[in-house]
Amino acid sequence: MEARANNDRHRQRQQKLKEQVDTRVAAATEKKGILIVFTGNGKGKSTAAFGTATRAVGHGKTVGIAQFIKGQWDNGEYNTLQPLGVEFHIMGTGFTWETQNRQADIEAATVVWQESKRMLADAHYDLVVLDELTYMLAYHYLDTQEVINAIENRPAGQSVIVTGRGCHTLLLELADTVSEIRPVKHAFDRGIQAQIGIDW
Ligand code: ATP
Ligand code: MG
């Protein structure tokens with residue numbers, strides 16, 4: 001008797017939950033590209049972006065990627081996605097975190113930004129990933145308003161993913177989906193080296 005009553009209660013709860021989910025699914029009728037931000041200090045922002053890019057490519061979508069960080073040419077995502085026709089623009093050469101050459105950094109960032117702007121204006125791209133873009137705004141290497149305008153005025157069906165710590169408030173406000181990744185632990189803090197296939 002007890003077990004059956006529990007079962008009934010469980011079924012009723014599940015039924016209620018299903019009705020709530022169905023109502024919300026039915027209410028989500030709008031179809032358009034979205035802006036996703038992966039931010040926070042934990043590990044997983046770029047991998048989430050590249051995971052989504054892989055998902056999109058798996059459905060035959062056109063994806064363009066800009067990486068606003070010193071080029072690690074042998075990165076696994078490049079090795080996988082570039083041969084599948086994904087376009088990459090990596091700041092790479094000329095970028096100088098080490099030498100503090102601000103002017104050279106701005107120039108390198110601007111080159112990648114010009115390519116990003118072109119992709120953000122072209123409906124041919126279903127998804128544009130702007131990996132580590134947040135730092136370019138934080139250091140004032142790129143003009144925040146220009147970046148916001150380009151993202152805001154992109155083709156209606158195009159989605160954009162921005163990654164990086166400390167995302168600018170204006171970008172957070174513009175975003176449709178924001179996930180903040182919180183570091184609970186990181187292997188590096190225990191003295192474990194970054195490793196190929198896991199960290200790049
Ligand atoms: P990933 O590329 O692994 O998804 P991420 O994009 O979230 O990481 P970034 O800040 O871009 O994080 O970090 C780039 C590199 O620093 C990666 O190799 C990553 O493993 C490492 N890293 C990320 N978070 C931390 C952390 N909290 N402490 C130490 N190293 C980190
Ligand atoms: Mg990253």
# chains A, B, ... in the order shown; residues from 1 in each chain; ligands from 1
call {"tool": "residues_near_ligand", "arguments": {"ligand": "ligand 2", "cutoff": "10 Å", "atoms": "only C-alpha atoms and all ligand atoms", "output": "VMD selection string"}}
result
chain A and resid 38 to 39 41 to 50 67 to 69 131 to 133 162 to 165 199 to 200
call {"tool": "select_by_dssp", "arguments": {"residues": "chain A", "states": "alpha helix (DSSP H)", "output": "PyMOL selection string"}}
result
chain A and resi 2-27+45-58+76-81+102-120+133-138+144-152+169-174
call {"tool": "residues_around", "arguments": {"residues": "A:Glu115", "least_positions_apart": "5", "cutoff": "12 Å", "atoms": "only C-alpha atoms", "output": "ChimeraX atom specification"}}
result
/A:64-68,87-91,108-110,120-122,128-130,150
call {"tool": "select_by_dssp", "arguments": {"residues": "stretch 18-186 of chain A", "states": "strand (DSSP E or B)", "output": "list in words"}}
result
Leu35, Ile36, Val37, Phe38, Thr39, Val63, Gly64, Ile65, Ala66, Gln67, Glu87, Phe88, His89, Ile90, Leu127, Val128, Val129, Leu130, Asp131, Ser159, Val160, Ile161, Val162, Thr163, Thr177, Val178, Ser179 and Glu180 of chain A
call {"tool": "write_last_selection", "arguments": {"atoms": "N, CA and C atoms", "output": "tab-separated table (two decimals), in the first residue's frame"}}
result
chain	number	residue	atom	x	y	z
A	35	LEU	N	23.71	35.04	-28.59
A	35	LEU	CA	25.05	35.36	-28.08
A	35	LEU	C	25.25	34.60	-26.77
A	36	ILE	N	26.28	33.77	-26.76
A	36	ILE	CA	26.62	33.00	-25.55
A	36	ILE	C	27.95	33.54	-25.00
A	37	VAL	N	28.01	33.74	-23.70
A	37	VAL	CA	29.28	34.12	-23.06
A	37	VAL	C	29.67	33.02	-22.07
A	38	PHE	N	30.89	32.50	-22.22
A	38	PHE	CA	31.46	31.59	-21.22
A	38	PHE	C	32.54	32.37	-20.48
A	39	THR	N	32.26	32.70	-19.21
A	39	THR	CA	33.21	33.51	-18.46
A	39	THR	C	33.49	32.87	-17.11
A	63	VAL	N	31.26	27.54	-39.57
A	63	VAL	CA	31.78	28.10	-38.32
A	63	VAL	C	33.08	28.86	-38.60
A	64	GLY	N	33.20	30.04	-38.00
A	64	GLY	CA	34.44	30.82	-38.08
A	64	GLY	C	34.94	31.07	-36.67
A	65	ILE	N	36.26	30.98	-36.50
A	65	ILE	CA	36.82	31.10	-35.15
A	65	ILE	C	37.94	32.15	-35.13
A	66	ALA	N	37.86	33.05	-34.14
A	66	ALA	CA	38.93	34.01	-33.90
A	66	ALA	C	39.48	33.75	-32.51
A	67	GLN	N	40.79	33.63	-32.39
A	67	GLN	CA	41.41	33.40	-31.08
A	67	GLN	C	42.30	34.59	-30.73
A	87	GLU	N	37.21	27.93	-40.40
A	87	GLU	CA	38.17	29.01	-40.63
A	87	GLU	C	38.71	29.50	-39.29
A	88	PHE	N	40.03	29.59	-39.16
A	88	PHE	CA	40.65	30.08	-37.92
A	88	PHE	C	41.42	31.37	-38.17
A	89	HIS	N	41.30	32.31	-37.25
A	89	HIS	CA	42.15	33.50	-37.26
A	89	HIS	C	42.77	33.59	-35.87
A	90	ILE	N	44.05	33.36	-35.80
A	90	ILE	CA	44.73	33.29	-34.49
A	90	ILE	C	45.73	34.43	-34.39
A	127	LEU	N	27.90	30.29	-37.06
A	127	LEU	CA	28.44	30.46	-35.70
A	127	LEU	C	29.82	31.11	-35.79
A	128	VAL	N	30.01	32.15	-34.99
A	128	VAL	CA	31.32	32.81	-34.91
A	128	VAL	C	31.80	32.72	-33.46
A	129	VAL	N	32.98	32.14	-33.27
A	129	VAL	CA	33.55	32.01	-31.92
A	129	VAL	C	34.63	33.08	-31.75
A	130	LEU	N	34.50	33.87	-30.68
A	130	LEU	CA	35.49	34.91	-30.37
A	130	LEU	C	36.17	34.51	-29.05
A	131	ASP	N	37.16	33.61	-29.19
A	131	ASP	CA	37.80	33.01	-28.02
A	131	ASP	C	38.76	34.01	-27.37
A	159	SER	N	24.83	32.85	-34.65
A	159	SER	CA	25.14	32.80	-33.22
A	159	SER	C	26.61	33.15	-32.99
A	160	VAL	N	26.87	33.69	-31.80
A	160	VAL	CA	28.23	34.11	-31.44
A	160	VAL	C	28.56	33.57	-30.06
A	161	ILE	N	29.79	33.11	-29.89
A	161	ILE	CA	30.26	32.71	-28.56
A	161	ILE	C	31.48	33.54	-28.20
A	162	VAL	N	31.43	34.15	-27.03
A	162	VAL	CA	32.57	34.91	-26.51
A	162	VAL	C	33.10	34.17	-25.28
A	163	THR	N	34.42	34.01	-25.18
A	163	THR	CA	34.98	33.41	-23.96
A	163	THR	C	36.00	34.35	-23.33
A	177	THR	N	22.72	33.95	-23.37
A	177	THR	CA	23.10	32.88	-22.45
A	177	THR	C	24.47	33.22	-21.86
A	178	VAL	N	24.57	33.21	-20.55
A	178	VAL	CA	25.85	33.47	-19.89
A	178	VAL	C	26.11	32.34	-18.90
A	179	SER	N	27.25	31.67	-19.03
A	179	SER	CA	27.64	30.67	-18.04
A	179	SER	C	28.94	31.12	-17.40
A	180	GLU	N	28.93	31.19	-16.06
A	180	GLU	CA	30.13	31.58	-15.35
A	180	GLU	C	30.73	30.33	-14.73
call {"tool": "atom_distance", "arguments": {"atom1": "atom CA of A:Ala194", "atom2": "atom 5 (P, counted along the ligand's line) of ligand 1"}}
result
11.9 Å
call {"tool": "closest_residue", "arguments": {"among": "A:Thr29, A:Asn153, A:Thr62, A:Thr54", "to": "A:Leu81", "atoms": "only C-alpha atoms"}}
result
A:Thr54
call {"tool": "closest_residue", "arguments": {"among": "A:Gly92, A:Pro155, A:Gly58, A:Gly40", "to": "ligand 1", "atoms": "only C-alpha atoms and all ligand atoms"}}
result
A:Gly40
call {"tool": "atom_distance", "arguments": {"atom1": "atom CA of A:Arg24", "atom2": "atom CA of A:Arg11"}}
result
20.0 Å
call {"tool": "residues_around", "arguments": {"residues": "A:Asn149", "least_positions_apart": "2", "cutoff": "12 Å", "atoms": "only C-alpha atoms", "output": "VMD selection string"}}
result
chain A and resid 117 120 to 121 143 to 147 151 to 154 170 to 171 174
call {"tool": "write_last_selection", "arguments": {"atoms": "N, CA, C and O atoms", "output": "short mmCIF file (atom, residue, chain, number, x, y, z; two decimals), in the first residue's frame"}}
result
data_model
loop_
_atom_site.label_atom_id
_atom_site.label_comp_id
_atom_site.auth_asym_id
_atom_site.auth_seq_id
_atom_site.Cartn_x
_atom_site.Cartn_y
_atom_site.Cartn_z
N LYS A 117 35.09 40.97 -37.59
CA LYS A 117 34.05 41.91 -38.04
C LYS A 117 33.47 41.47 -39.37
O LYS A 117 32.26 41.52 -39.59
N LEU A 120 31.21 38.59 -38.73
CA LEU A 120 30.00 39.03 -38.03
C LEU A 120 29.03 39.78 -38.96
O LEU A 120 27.89 40.03 -38.59
N ALA A 121 29.52 40.15 -40.14
CA ALA A 121 28.67 40.88 -41.09
C ALA A 121 28.19 39.95 -42.21
O ALA A 121 27.53 40.39 -43.15
N ASP A 143 38.05 48.65 -29.30
CA ASP A 143 37.04 49.57 -28.82
C ASP A 143 35.75 48.79 -28.45
O ASP A 143 35.16 48.13 -29.31
N THR A 144 35.38 48.89 -27.19
CA THR A 144 34.25 48.10 -26.69
C THR A 144 32.97 48.37 -27.49
O THR A 144 32.26 47.44 -27.88
N GLN A 145 32.69 49.64 -27.75
CA GLN A 145 31.45 49.97 -28.45
C GLN A 145 31.44 49.40 -29.87
O GLN A 145 30.40 48.93 -30.34
N GLU A 146 32.60 49.42 -30.51
CA GLU A 146 32.67 48.87 -31.88
C GLU A 146 32.39 47.36 -31.85
O GLU A 146 31.69 46.83 -32.72
N VAL A 147 32.93 46.69 -30.85
CA VAL A 147 32.71 45.24 -30.72
C VAL A 147 31.23 44.96 -30.45
O VAL A 147 30.61 44.10 -31.10
N ILE A 151 28.57 42.88 -32.93
CA ILE A 151 27.85 41.68 -32.46
C ILE A 151 26.34 41.92 -32.53
O ILE A 151 25.57 41.07 -32.98
N GLU A 152 25.92 43.11 -32.10
CA GLU A 152 24.49 43.44 -32.06
C GLU A 152 23.87 43.47 -33.47
O GLU A 152 22.73 43.05 -33.65
N ASN A 153 24.64 43.95 -34.45
CA ASN A 153 24.09 44.10 -35.81
C ASN A 153 24.39 42.92 -36.72
O ASN A 153 24.24 43.01 -37.94
N ARG A 154 24.80 41.79 -36.14
CA ARG A 154 25.11 40.62 -36.98
C ARG A 154 23.82 40.08 -37.62
O ARG A 154 22.72 40.41 -37.17
N LEU A 170 28.64 45.31 -20.58
CA LEU A 170 27.79 45.56 -21.76
C LEU A 170 27.59 44.28 -22.57
O LEU A 170 26.50 44.04 -23.11
N LEU A 171 28.65 43.47 -22.64
CA LEU A 171 28.53 42.19 -23.38
C LEU A 171 27.63 41.22 -22.62
O LEU A 171 26.83 40.50 -23.22
N LEU A 174 24.09 42.17 -23.24
CA LEU A 174 23.66 41.85 -24.60
C LEU A 174 23.43 40.34 -24.79
O LEU A 174 22.62 39.93 -25.62
#
call {"tool": "atom_distance", "arguments": {"atom1": "atom CA of A:Asn101", "atom2": "atom CA of A:Gln195"}}
result
28.2 Å
